[in-house]
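Below is one structure, written out as structure tokens; the observations come after it.
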Amino acid sequence: MEKVVLAFSGGLDTSVCVKLLQEKYDMEVITACVDVGQPEDEIKKPELAAEKIGTDKHYTIDAKEEFAKDYAFRCIKTNALYEGYPLSTAFARPLIAKKIVEIAEKENATTIAHGCTGKGNDQFRFEATIRAESDVNIVAPVRDYNLTRTEEQDYAREHGIPLPSEKIYSIDENLWGRSIEGGLLEDPTVEAPEDIYEWTKSIDDAPEEAQVIKIEFVKGEPVKIDGEELSPVDLIRKANEIAGEHGVGRIDMIEDRIIGLKSRENYETPGAILLITAHAALEKLVFSREEIKFAENISQKYAELVYDGYWNEPLREDLDIVNDHMQERVTGWVEVRLHKGSLKVITKQSPYSLHNLDSVSFEDKEIIDQREMIGMVKYHDIQGAEYFKVNKKE
Ligand code: ARG
């Protein structure tokens with residue numbers, strides 16, 4: 001019998017995959033769940049589900065620290081947002097794929113399977129990484145059988161697969177964020193109900209009192225919150241807690257998927273929004289005007305590459321190299337005030353700051369002698385003046 005390693009979350013799609021792989025593909029199924037910081041019970045759930053459905057072996061791989069340091073922190077350092085979404089699902093995919101490839105090698109499996117449907121982005125992301133990093137075959141049973149969610153539920157019932165409790169929505173969760181899709185959320189004319197949220201308070205329930213926190217960065221990476229030094233995983237968790245408590249980080253958007261479909265997406269990414277906002281504010285203090293403009297291009301391109309699953313595209317590495325060099329000076333602290341869904345950077349400082357209080361001050365007359373500006377001002381927009389004279393003046 002051929003061996004297959006299935007990336008397994010214990011949710012509906014991947015649970016159906018186990019049975020399909022056994023019945024229709026006639027394969028020995030090894031399930032693997034990669035821990036990228038989803039809640040404790042989301043790690044236990046696949047373990048129990050694998051046992052219940054009956055797989056040949058189940059792996060749980062702890063990749064939390066790697067995910068935080070090498071993926072989520074890259075999102076902070078590049079301020080990467082895709083149409084406003086901090087890419088929490090997208091950043092996790094290449095890492096999950098890499099870990100699944102490692103297990104397939106260890107187990108001498110001929111095939112890797114994933115539970116993606118044929119309409120989403122994850123099929124592209126998983127398969128691009130798996131193909132780059134391994135020569136195994138890839139199968140996607142839900143896609144192969146063109147199953148709808150209702151058909152999957154029927155199949156699960158018929159085969160005694162325990163139906164996951166949150167069956168109305170499709171939820172993907174990790175340390176960097178929570179993605180909620182499907183069910184009534186598919187219709188953009190319907191307001192997202194309060195019960196889809198778990199990490200963030202509503203504005204009504206958020207504390208009346210504002211909270212100010214101080215985040216310290218070293219070389220573009222957050223290292224301390226309110227003076228407390230934290231590991232990357234703990235720091236992101238803390239950022240999620242604090243920002244979530246104040247109702248920051250809910251995103252309800254129309255997103256353009258890789259295949260071009262527009263879809264209504266909901267996210268909770270409180271920590272990501274907090275840390276990216278603070279980080280970007282510090283860059284503004286440290287970077288030159290040219291660097292700021294260039295960094296915007298990096299953010300945009302980086303987000304596109306990660307969203308599209310181009311993790312192994314050389315440009316992604318090139319951008320990291322340039323950006324890491326720029327981040328060498330992004331050291332300092334930022335204070336943020338959180339209150340009732342709002343997030344405001346209130347103060348910031350860095351030893352590499354290019355902001356010179358003495359020269360910018362209205363009180364200075366020595367560092368910049370105003371009279372010396374006369375010539376510089378006189379020829380400003382010289383081409384605009386020429387154009388106006390030639391074209392607009394009667
Ligand atoms: N649209 C998002 C992305 O492509 C999230 C997908 C989340 N997946 C899910 N099963 N809810 O990155």
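Each chain in the structure tokens gets a letter, A, B and so on, in the order shown; residues start at 1 in every chain, and ligands are counted from 1 in the order they appear.
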
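When the distance limit is 12 Å and only C-alpha atoms are what count, the residues near Glu133 of chain A, minus those fewer than 3 positions from it on the same chain, are Pro94, Leu95, Ala97, Lys98, Lys99, Ile100, Val101, Glu102, Ala104, Glu105, Phe126, Glu127, Ala128, Thr129, Ile130, Val136, Asn137, Trp311 and Asn312 of chain A.
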
Selection file, C-alpha atoms, as a PDB file, in the first residue's frame:
ATOM      1  CA  PRO A  94       4.959  27.407   3.493  1.00  0.00           C
ATOM      2  CA  LEU A  95       6.064  26.402   6.991  1.00  0.00           C
ATOM      3  CA  ALA A  97       4.231  22.426   3.863  1.00  0.00           C
ATOM      4  CA  LYS A  98       7.914  22.281   4.794  1.00  0.00           C
ATOM      5  CA  LYS A  99       7.170  20.266   7.941  1.00  0.00           C
ATOM      6  CA  ILE A 100       4.891  17.882   6.036  1.00  0.00           C
ATOM      7  CA  VAL A 101       7.648  17.308   3.464  1.00  0.00           C
ATOM      8  CA  GLU A 102      10.038  16.422   6.311  1.00  0.00           C
ATOM      9  CA  ALA A 104       6.987  12.392   4.147  1.00  0.00           C
ATOM     10  CA  GLU A 105      10.744  11.938   3.751  1.00  0.00           C
ATOM     11  CA  PHE A 126       0.883  24.312  -0.195  1.00  0.00           C
ATOM     12  CA  GLU A 127       1.622  22.854  -3.582  1.00  0.00           C
ATOM     13  CA  ALA A 128       4.187  25.472  -4.589  1.00  0.00           C
ATOM     14  CA  THR A 129       6.231  24.736  -1.475  1.00  0.00           C
ATOM     15  CA  ILE A 130       5.798  20.971  -1.636  1.00  0.00           C
ATOM     16  CA  VAL A 136       6.391  13.388  -3.981  1.00  0.00           C
ATOM     17  CA  ASN A 137       2.980  13.223  -5.643  1.00  0.00           C
ATOM     18  CA  TRP A 311       7.619  31.712  -0.818  1.00  0.00           C
ATOM     19  CA  ASN A 312      10.503  30.219  -2.797  1.00  0.00           C
TER      20      ASN A 312
END

>> 8 Å from ligand 1 is the threshold here; counting only C-alpha atoms and all ligand atoms, which polymer residues fall inside it? Answer as an NGL selection string.
In response: :A and (87-90 or 120-122 or 169-172 or 179-182 or 255 or 257 or 263 or 265 or 307)

Can I get the selection written as a compact mmCIF listing (two decimals), in the first residue's frame, with all heavy atoms?
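Just written: result.txt:
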# COMPACT_ATOMS: atom_id res chain seq x y z
N LEU A 87 -2.05 38.60 6.53
CA LEU A 87 -1.53 37.36 5.94
C LEU A 87 -1.31 36.22 6.93
O LEU A 87 -0.40 35.41 6.76
CB LEU A 87 -0.21 37.69 5.22
CG LEU A 87 -0.33 38.69 4.07
CD1 LEU A 87 0.97 39.46 3.86
CD2 LEU A 87 -0.72 37.99 2.78
N SER A 88 -2.14 36.17 7.97
CA SER A 88 -1.91 35.15 9.02
C SER A 88 -1.99 33.73 8.47
O SER A 88 -1.13 32.90 8.78
CB SER A 88 -2.90 35.34 10.16
OG SER A 88 -4.20 35.59 9.66
N THR A 89 -2.97 33.45 7.64
CA THR A 89 -3.06 32.11 7.04
C THR A 89 -1.93 31.92 6.02
O THR A 89 -1.24 30.90 6.03
CB THR A 89 -4.43 31.93 6.34
OG1 THR A 89 -5.45 31.97 7.34
CG2 THR A 89 -4.51 30.61 5.60
N ALA A 90 -1.73 32.93 5.20
CA ALA A 90 -0.75 32.82 4.11
C ALA A 90 0.67 32.55 4.60
O ALA A 90 1.38 31.72 4.03
CB ALA A 90 -0.79 34.09 3.27
N GLY A 120 -9.86 28.07 -3.31
CA GLY A 120 -9.13 28.96 -2.41
C GLY A 120 -7.68 29.18 -2.79
O GLY A 120 -7.21 28.75 -3.86
N ASN A 121 -6.97 29.83 -1.88
CA ASN A 121 -5.56 30.17 -2.10
C ASN A 121 -4.60 29.11 -1.59
O ASN A 121 -3.49 28.99 -2.09
CB ASN A 121 -5.24 31.46 -1.35
CG ASN A 121 -6.05 32.63 -1.85
OD1 ASN A 121 -6.26 32.76 -3.06
ND2 ASN A 121 -6.51 33.48 -0.94
N ASP A 122 -5.04 28.36 -0.58
CA ASP A 122 -4.11 27.47 0.09
C ASP A 122 -3.59 26.35 -0.81
O ASP A 122 -2.47 25.90 -0.65
CB ASP A 122 -4.75 26.91 1.36
CG ASP A 122 -4.90 27.99 2.43
OD1 ASP A 122 -4.13 28.97 2.38
OD2 ASP A 122 -5.79 27.87 3.29
N TYR A 169 -18.85 27.66 9.96
CA TYR A 169 -17.79 28.47 9.37
C TYR A 169 -16.56 27.61 9.10
O TYR A 169 -16.36 26.59 9.73
CB TYR A 169 -17.37 29.59 10.32
CG TYR A 169 -18.51 30.45 10.78
CD1 TYR A 169 -18.85 30.51 12.13
CD2 TYR A 169 -19.24 31.21 9.87
CE1 TYR A 169 -19.90 31.31 12.56
CE2 TYR A 169 -20.29 32.00 10.29
CZ TYR A 169 -20.62 32.04 11.65
OH TYR A 169 -21.65 32.82 12.06
N SER A 170 -15.74 28.09 8.18
CA SER A 170 -14.44 27.48 7.99
C SER A 170 -13.44 28.40 8.67
O SER A 170 -13.29 29.56 8.29
CB SER A 170 -14.15 27.36 6.49
OG SER A 170 -12.80 27.06 6.31
N ILE A 171 -12.78 27.87 9.70
CA ILE A 171 -11.91 28.73 10.50
C ILE A 171 -10.47 28.24 10.42
O ILE A 171 -10.21 27.03 10.52
CB ILE A 171 -12.37 28.73 11.98
CG1 ILE A 171 -13.78 29.33 12.06
CG2 ILE A 171 -11.40 29.52 12.86
CD1 ILE A 171 -14.45 29.18 13.39
N ASP A 172 -9.56 29.14 10.21
CA ASP A 172 -8.14 28.80 10.25
C ASP A 172 -7.49 29.70 11.30
O ASP A 172 -7.62 30.91 11.25
CB ASP A 172 -7.48 29.03 8.88
CG ASP A 172 -6.01 28.72 8.94
OD1 ASP A 172 -5.66 27.57 9.24
OD2 ASP A 172 -5.19 29.64 8.72
N SER A 179 -8.80 33.37 10.79
CA SER A 179 -9.55 33.65 9.57
C SER A 179 -10.88 32.92 9.66
O SER A 179 -10.91 31.73 9.95
CB SER A 179 -8.84 33.10 8.33
OG SER A 179 -7.48 33.45 8.33
N ILE A 180 -11.96 33.63 9.41
CA ILE A 180 -13.29 33.03 9.49
C ILE A 180 -13.98 33.24 8.15
O ILE A 180 -14.14 34.38 7.70
CB ILE A 180 -14.13 33.65 10.62
CG1 ILE A 180 -13.30 33.82 11.90
CG2 ILE A 180 -15.37 32.80 10.92
CD1 ILE A 180 -13.00 35.21 12.30
N GLU A 181 -14.38 32.14 7.53
CA GLU A 181 -15.01 32.21 6.20
C GLU A 181 -16.25 31.34 6.16
O GLU A 181 -16.42 30.46 6.98
CB GLU A 181 -14.09 31.60 5.15
CG GLU A 181 -12.80 32.26 4.87
CD GLU A 181 -12.06 31.52 3.75
OE1 GLU A 181 -11.95 30.29 3.79
OE2 GLU A 181 -11.61 32.20 2.83
N GLY A 182 -17.02 31.52 5.14
CA GLY A 182 -18.11 30.57 4.82
C GLY A 182 -19.41 30.84 5.55
O GLY A 182 -19.54 31.80 6.31
N GLU A 255 -11.96 40.41 -0.44
CA GLU A 255 -10.57 40.10 -0.79
C GLU A 255 -10.50 39.51 -2.19
O GLU A 255 -11.40 38.77 -2.59
CB GLU A 255 -10.09 39.09 0.25
CG GLU A 255 -8.72 38.54 0.07
CD GLU A 255 -8.37 37.63 1.26
OE1 GLU A 255 -8.49 38.07 2.42
OE2 GLU A 255 -7.98 36.48 1.02
N ARG A 257 -8.95 36.88 -4.34
CA ARG A 257 -8.19 35.64 -4.25
C ARG A 257 -7.28 35.45 -5.46
O ARG A 257 -7.47 36.10 -6.49
CB ARG A 257 -9.14 34.44 -4.17
CG ARG A 257 -9.85 34.35 -2.86
CD ARG A 257 -10.49 32.99 -2.73
NE ARG A 257 -11.38 32.96 -1.58
CZ ARG A 257 -12.40 32.11 -1.45
NH1 ARG A 257 -12.64 31.23 -2.40
NH2 ARG A 257 -13.15 32.13 -0.37
N SER A 263 -13.92 37.47 -2.51
CA SER A 263 -14.61 36.77 -1.43
C SER A 263 -14.67 37.64 -0.19
O SER A 263 -13.81 38.49 0.03
CB SER A 263 -13.91 35.45 -1.11
OG SER A 263 -12.67 35.70 -0.51
N GLU A 265 -14.14 38.12 3.54
CA GLU A 265 -13.29 37.48 4.52
C GLU A 265 -13.36 38.22 5.85
O GLU A 265 -13.45 39.45 5.87
CB GLU A 265 -11.82 37.50 4.06
CG GLU A 265 -11.58 36.81 2.74
CD GLU A 265 -11.56 35.29 2.83
OE1 GLU A 265 -11.20 34.76 3.89
OE2 GLU A 265 -11.93 34.64 1.83
N TYR A 307 1.05 36.25 -0.22
CA TYR A 307 -0.34 35.91 -0.49
C TYR A 307 -0.43 34.88 -1.62
O TYR A 307 -1.19 33.92 -1.55
CB TYR A 307 -1.14 37.17 -0.86
CG TYR A 307 -2.63 36.91 -0.93
CD1 TYR A 307 -3.42 36.94 0.22
CD2 TYR A 307 -3.25 36.60 -2.14
CE1 TYR A 307 -4.78 36.66 0.17
CE2 TYR A 307 -4.61 36.33 -2.20
CZ TYR A 307 -5.37 36.36 -1.04
OH TYR A 307 -6.72 36.08 -1.09

> Leaving out Ile346 of chain A and any residue of its chain fewer than 5 positions from it, which residues lie within 9 Å of it when counting only C-alpha atoms, given as a list in words?
Replying inline: Val212, Val334, Glu335, Val336 and Arg337 of chain A

> Excluding same-chain residues fewer than 3 positions from segment 147-155 of chain A, what lies within 9 Å of it counting only C-alpha atoms, as a ChimeraX atom specification?
Replying inline: /A:12-13,16,117,141-144,158-161,163,167

>> So that I can check the surroundings of Glu191 of chain A, please list as a PyMOL selection string every protein, DNA and RNA residue that reaches within 12 Å of it, counting only C-alpha atoms and ignoring chain neighbours fewer than 6 positions away.
In response: chain A and resi 184-185+252-253+264-266

Export of the given selection (N, CA and C atoms) as a PDB file, in the first residue's frame:
ATOM      1  N   LEU A 184     -23.000  32.101   6.437  1.00  0.00           N
ATOM      2  CA  LEU A 184     -23.683  33.357   6.104  1.00  0.00           C
ATOM      3  C   LEU A 184     -22.711  34.500   5.810  1.00  0.00           C
ATOM      4  N   LEU A 185     -21.431  34.307   6.173  1.00  0.00           N
ATOM      5  CA  LEU A 185     -20.431  35.353   5.921  1.00  0.00           C
ATOM      6  C   LEU A 185     -20.135  35.528   4.433  1.00  0.00           C
ATOM      7  N   ASP A 252     -13.046  43.044   8.311  1.00  0.00           N
ATOM      8  CA  ASP A 252     -14.170  42.490   7.557  1.00  0.00           C
ATOM      9  C   ASP A 252     -14.029  43.069   6.159  1.00  0.00           C
ATOM     10  N   MET A 253     -13.624  42.236   5.211  1.00  0.00           N
ATOM     11  CA  MET A 253     -13.220  42.801   3.916  1.00  0.00           C
ATOM     12  C   MET A 253     -13.641  41.946   2.723  1.00  0.00           C
ATOM     13  N   ARG A 264     -15.707  37.431   0.591  1.00  0.00           N
ATOM     14  CA  ARG A 264     -15.854  38.183   1.838  1.00  0.00           C
ATOM     15  C   ARG A 264     -15.081  37.426   2.923  1.00  0.00           C
ATOM     16  N   GLU A 265     -14.142  38.122   3.536  1.00  0.00           N
ATOM     17  CA  GLU A 265     -13.287  37.480   4.524  1.00  0.00           C
ATOM     18  C   GLU A 265     -13.356  38.224   5.849  1.00  0.00           C
ATOM     19  N   ASN A 266     -13.318  37.460   6.921  1.00  0.00           N
ATOM     20  CA  ASN A 266     -13.257  38.071   8.243  1.00  0.00           C
ATOM     21  C   ASN A 266     -12.017  37.584   8.975  1.00  0.00           C
TER      22      ASN A 266
END

> Can you tell me, as JSON, numbers by chain, what residues are no more than 7 Å from segment 31-42 of chain A when counting only C-alpha atoms, ignoring any on the same chain fewer than 6 positions away?
Replying inline: {"A": [5, 6, 7, 8, 9, 55, 57, 58, 59, 60, 61, 62, 63, 64, 67, 96, 173, 174, 175]}

>> Between atom CA of Gly177 of chain A and atom CA of Glu268 of chain A, what is the distance in Å, rounded to a tenth?
In response: 5.7 Å

>> Neighbouring residues of Lys340 of chain A were defined as those with any atom within 8 Å, considering only C-alpha atoms; residues of the same chain fewer than 5 positions away were excluded. Please report them as a PyMOL selection string.
In response: chain A and resi 203-204+206-208+210+246-248

Any chance you can output those residues with N, CA and C atoms as an mmCIF file, in the first residue's frame?
data_model
loop_
_atom_site.group_PDB
_atom_site.id
_atom_site.type_symbol
_atom_site.label_atom_id
_atom_site.label_comp_id
_atom_site.auth_asym_id
_atom_site.auth_seq_id
_atom_site.Cartn_x
_atom_site.Cartn_y
_atom_site.Cartn_z
ATOM 1 N N ILE A 203 -16.714 46.706 20.520
ATOM 2 C CA ILE A 203 -16.470 48.062 21.043
ATOM 3 C C ILE A 203 -17.288 48.261 22.331
ATOM 4 N N ASP A 204 -18.520 47.751 22.341
ATOM 5 C CA ASP A 204 -19.374 47.900 23.530
ATOM 6 C C ASP A 204 -18.754 47.259 24.765
ATOM 7 N N ALA A 206 -15.531 46.494 25.230
ATOM 8 C CA ALA A 206 -14.144 46.888 25.514
ATOM 9 C C ALA A 206 -14.141 47.842 26.718
ATOM 10 N N PRO A 207 -13.047 47.813 27.491
ATOM 11 C CA PRO A 207 -13.000 48.643 28.702
ATOM 12 C C PRO A 207 -13.207 50.139 28.424
ATOM 13 N N GLU A 208 -13.865 50.807 29.360
ATOM 14 C CA GLU A 208 -14.079 52.262 29.252
ATOM 15 C C GLU A 208 -12.742 52.986 29.303
ATOM 16 N N ALA A 210 -8.841 53.741 28.739
ATOM 17 C CA ALA A 210 -7.804 53.507 27.726
ATOM 18 C C ALA A 210 -6.582 52.857 28.372
ATOM 19 N N HIS A 246 -9.094 45.409 23.793
ATOM 20 C CA HIS A 246 -9.602 46.740 23.446
ATOM 21 C C HIS A 246 -10.346 46.774 22.099
ATOM 22 N N GLY A 247 -10.637 45.589 21.578
ATOM 23 C CA GLY A 247 -11.457 45.526 20.363
ATOM 24 C C GLY A 247 -10.719 45.973 19.109
ATOM 25 N N VAL A 248 -9.376 45.860 19.145
ATOM 26 C CA VAL A 248 -8.577 46.228 17.969
ATOM 27 C C VAL A 248 -8.274 44.971 17.153
#

>> I'd like to know which residues of segment 205-246 of chain A are helix (DSSP H, G or I) (by DSSP, run on the backbone); could you write them as JSON, numbers by chain?
In response: {"A": [232, 233, 234, 235, 236, 237, 238, 239, 240, 241, 242, 243, 244, 245]}

For the selection just defined, write its residues with N, CA, C and O atoms to a file, as a PDB file, in the first residue's frame.
ATOM      1  N   PRO A 232       9.521  35.416  21.085  1.00  0.00           N
ATOM      2  CA  PRO A 232       8.623  35.807  19.987  1.00  0.00           C
ATOM      3  C   PRO A 232       7.195  35.277  20.156  1.00  0.00           C
ATOM      4  O   PRO A 232       6.233  36.021  19.974  1.00  0.00           O
ATOM      5  N   VAL A 233       7.053  34.013  20.542  1.00  0.00           N
ATOM      6  CA  VAL A 233       5.703  33.442  20.699  1.00  0.00           C
ATOM      7  C   VAL A 233       4.946  34.171  21.809  1.00  0.00           C
ATOM      8  O   VAL A 233       3.798  34.594  21.629  1.00  0.00           O
ATOM      9  N   ASP A 234       5.595  34.335  22.962  1.00  0.00           N
ATOM     10  CA  ASP A 234       4.912  34.980  24.091  1.00  0.00           C
ATOM     11  C   ASP A 234       4.603  36.441  23.804  1.00  0.00           C
ATOM     12  O   ASP A 234       3.569  36.958  24.225  1.00  0.00           O
ATOM     13  N   LEU A 235       5.497  37.084  23.080  1.00  0.00           N
ATOM     14  CA  LEU A 235       5.262  38.494  22.766  1.00  0.00           C
ATOM     15  C   LEU A 235       4.046  38.654  21.849  1.00  0.00           C
ATOM     16  O   LEU A 235       3.199  39.508  22.082  1.00  0.00           O
ATOM     17  N   ILE A 236       3.950  37.795  20.855  1.00  0.00           N
ATOM     18  CA  ILE A 236       2.794  37.882  19.945  1.00  0.00           C
ATOM     19  C   ILE A 236       1.509  37.548  20.720  1.00  0.00           C
ATOM     20  O   ILE A 236       0.489  38.211  20.557  1.00  0.00           O
ATOM     21  N   ARG A 237       1.581  36.540  21.579  1.00  0.00           N
ATOM     22  CA  ARG A 237       0.399  36.184  22.385  1.00  0.00           C
ATOM     23  C   ARG A 237      -0.051  37.369  23.229  1.00  0.00           C
ATOM     24  O   ARG A 237      -1.228  37.685  23.311  1.00  0.00           O
ATOM     25  N   LYS A 238       0.926  38.026  23.860  1.00  0.00           N
ATOM     26  CA  LYS A 238       0.594  39.163  24.722  1.00  0.00           C
ATOM     27  C   LYS A 238      -0.007  40.305  23.900  1.00  0.00           C
ATOM     28  O   LYS A 238      -0.982  40.938  24.311  1.00  0.00           O
ATOM     29  N   ALA A 239       0.578  40.537  22.735  1.00  0.00           N
ATOM     30  CA  ALA A 239       0.055  41.600  21.855  1.00  0.00           C
ATOM     31  C   ALA A 239      -1.387  41.271  21.445  1.00  0.00           C
ATOM     32  O   ALA A 239      -2.252  42.151  21.408  1.00  0.00           O
ATOM     33  N   ASN A 240      -1.656  39.999  21.166  1.00  0.00           N
ATOM     34  CA  ASN A 240      -3.024  39.581  20.823  1.00  0.00           C
ATOM     35  C   ASN A 240      -3.982  39.856  21.980  1.00  0.00           C
ATOM     36  O   ASN A 240      -5.081  40.369  21.779  1.00  0.00           O
ATOM     37  N   GLU A 241      -3.545  39.500  23.184  1.00  0.00           N
ATOM     38  CA  GLU A 241      -4.394  39.681  24.364  1.00  0.00           C
ATOM     39  C   GLU A 241      -4.730  41.155  24.588  1.00  0.00           C
ATOM     40  O   GLU A 241      -5.892  41.518  24.764  1.00  0.00           O
ATOM     41  N   ILE A 242      -3.688  41.982  24.591  1.00  0.00           N
ATOM     42  CA  ILE A 242      -3.903  43.398  24.921  1.00  0.00           C
ATOM     43  C   ILE A 242      -4.774  44.071  23.856  1.00  0.00           C
ATOM     44  O   ILE A 242      -5.763  44.724  24.173  1.00  0.00           O
ATOM     45  N   ALA A 243      -4.401  43.907  22.598  1.00  0.00           N
ATOM     46  CA  ALA A 243      -5.156  44.588  21.537  1.00  0.00           C
ATOM     47  C   ALA A 243      -6.565  44.007  21.414  1.00  0.00           C
ATOM     48  O   ALA A 243      -7.536  44.739  21.201  1.00  0.00           O
ATOM     49  N   GLY A 244      -6.686  42.688  21.586  1.00  0.00           N
ATOM     50  CA  GLY A 244      -7.999  42.034  21.505  1.00  0.00           C
ATOM     51  C   GLY A 244      -8.940  42.546  22.585  1.00  0.00           C
ATOM     52  O   GLY A 244     -10.128  42.775  22.347  1.00  0.00           O
ATOM     53  N   GLU A 245      -8.406  42.738  23.778  1.00  0.00           N
ATOM     54  CA  GLU A 245      -9.188  43.245  24.913  1.00  0.00           C
ATOM     55  C   GLU A 245      -9.823  44.602  24.569  1.00  0.00           C
ATOM     56  O   GLU A 245     -10.931  44.902  24.985  1.00  0.00           O
TER      57      GLU A 245
END

Give the strand (DSSP E or B) residues of segment 195-230 of chain A, as DSSP finds them on the backbone, and put them as a compact mmCIF listing (two decimals) with N, CA, C and O atoms, in the first residue's frame.
# COMPACT_ATOMS: atom_id res chain seq x y z
N GLN A 211 -5.77 52.19 27.56
CA GLN A 211 -4.53 51.59 28.05
C GLN A 211 -3.37 52.04 27.16
O GLN A 211 -3.49 52.04 25.94
N VAL A 212 -2.27 52.44 27.81
CA VAL A 212 -1.09 52.81 27.04
C VAL A 212 -0.05 51.73 27.24
O VAL A 212 0.24 51.32 28.37
N ILE A 213 0.50 51.21 26.14
CA ILE A 213 1.57 50.22 26.28
C ILE A 213 2.80 50.68 25.51
O ILE A 213 2.72 51.43 24.54
N LYS A 214 3.94 50.16 25.99
CA LYS A 214 5.22 50.52 25.36
C LYS A 214 5.81 49.26 24.73
O LYS A 214 5.95 48.23 25.40
N ILE A 215 6.13 49.36 23.45
CA ILE A 215 6.73 48.23 22.75
C ILE A 215 8.15 48.60 22.35
O ILE A 215 8.38 49.67 21.78
N GLU A 216 9.09 47.74 22.69
CA GLU A 216 10.49 48.00 22.31
C GLU A 216 10.92 47.08 21.18
O GLU A 216 10.62 45.89 21.19
N PHE A 217 11.60 47.68 20.21
CA PHE A 217 12.06 46.94 19.03
C PHE A 217 13.59 46.93 18.97
O PHE A 217 14.23 47.93 19.33
N VAL A 218 14.15 45.81 18.52
CA VAL A 218 15.58 45.74 18.21
C VAL A 218 15.70 45.21 16.78
O VAL A 218 15.18 44.13 16.48
N GLU A 221 12.56 43.96 15.19
CA GLU A 221 11.78 42.91 15.85
C GLU A 221 11.34 43.36 17.23
O GLU A 221 12.15 43.89 18.00
N PRO A 222 10.09 43.12 17.60
CA PRO A 222 9.63 43.49 18.95
C PRO A 222 10.27 42.56 19.98
O PRO A 222 10.30 41.34 19.77
N VAL A 223 10.78 43.13 21.06
CA VAL A 223 11.44 42.29 22.07
C VAL A 223 10.82 42.45 23.46
O VAL A 223 10.92 41.55 24.29
N LYS A 224 10.21 43.61 23.73
CA LYS A 224 9.65 43.83 25.07
C LYS A 224 8.30 44.52 24.96
O LYS A 224 8.09 45.37 24.09
N ILE A 225 7.41 44.14 25.88
CA ILE A 225 6.16 44.90 26.05
C ILE A 225 6.12 45.37 27.49
O ILE A 225 6.27 44.56 28.42
N GLU A 228 8.86 44.18 29.79
CA GLU A 228 9.05 42.74 30.00
C GLU A 228 9.58 42.08 28.73
O GLU A 228 8.97 42.17 27.67
N GLU A 229 10.74 41.42 28.88
CA GLU A 229 11.34 40.76 27.73
C GLU A 229 10.59 39.44 27.47
O GLU A 229 10.38 38.66 28.38

>> With distances taken over only C-alpha atoms, which residue among A:Lys45, A:Arg125, A:Lys52, A:Arg74 lies nearest Asp308 of chain A?
In response: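 Looking only at the distances to Asp308 of chain A, the closest residue turns out to be A:Arg125.
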
> Please, what distance in Å, to one decimal, runs between atom CA of Leu274 of chain A and atom CA of Pro193 of chain A?
Replying inline: 23.5 Å

> Looking at A:Tyr352, A:Tyr267, A:Tyr310, A:Tyr71, which one is nearest to Leu285 of chain A, with distances taken over only C-alpha atoms?
Replying inline: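 Between A:Tyr352, A:Tyr267, A:Tyr310, A:Tyr71, the residue approaching Leu285 of chain A most closely is A:Tyr352.
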
>> Just to confirm, what's the straight-line distance from atom CA of Thr14 of chain A to atom CA of Lys119 of chain A in Å (one decimal)?
In response: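 One can read the atom CA of Thr14 of chain A to atom CA of Lys119 of chain A distance as 15.6 Å.
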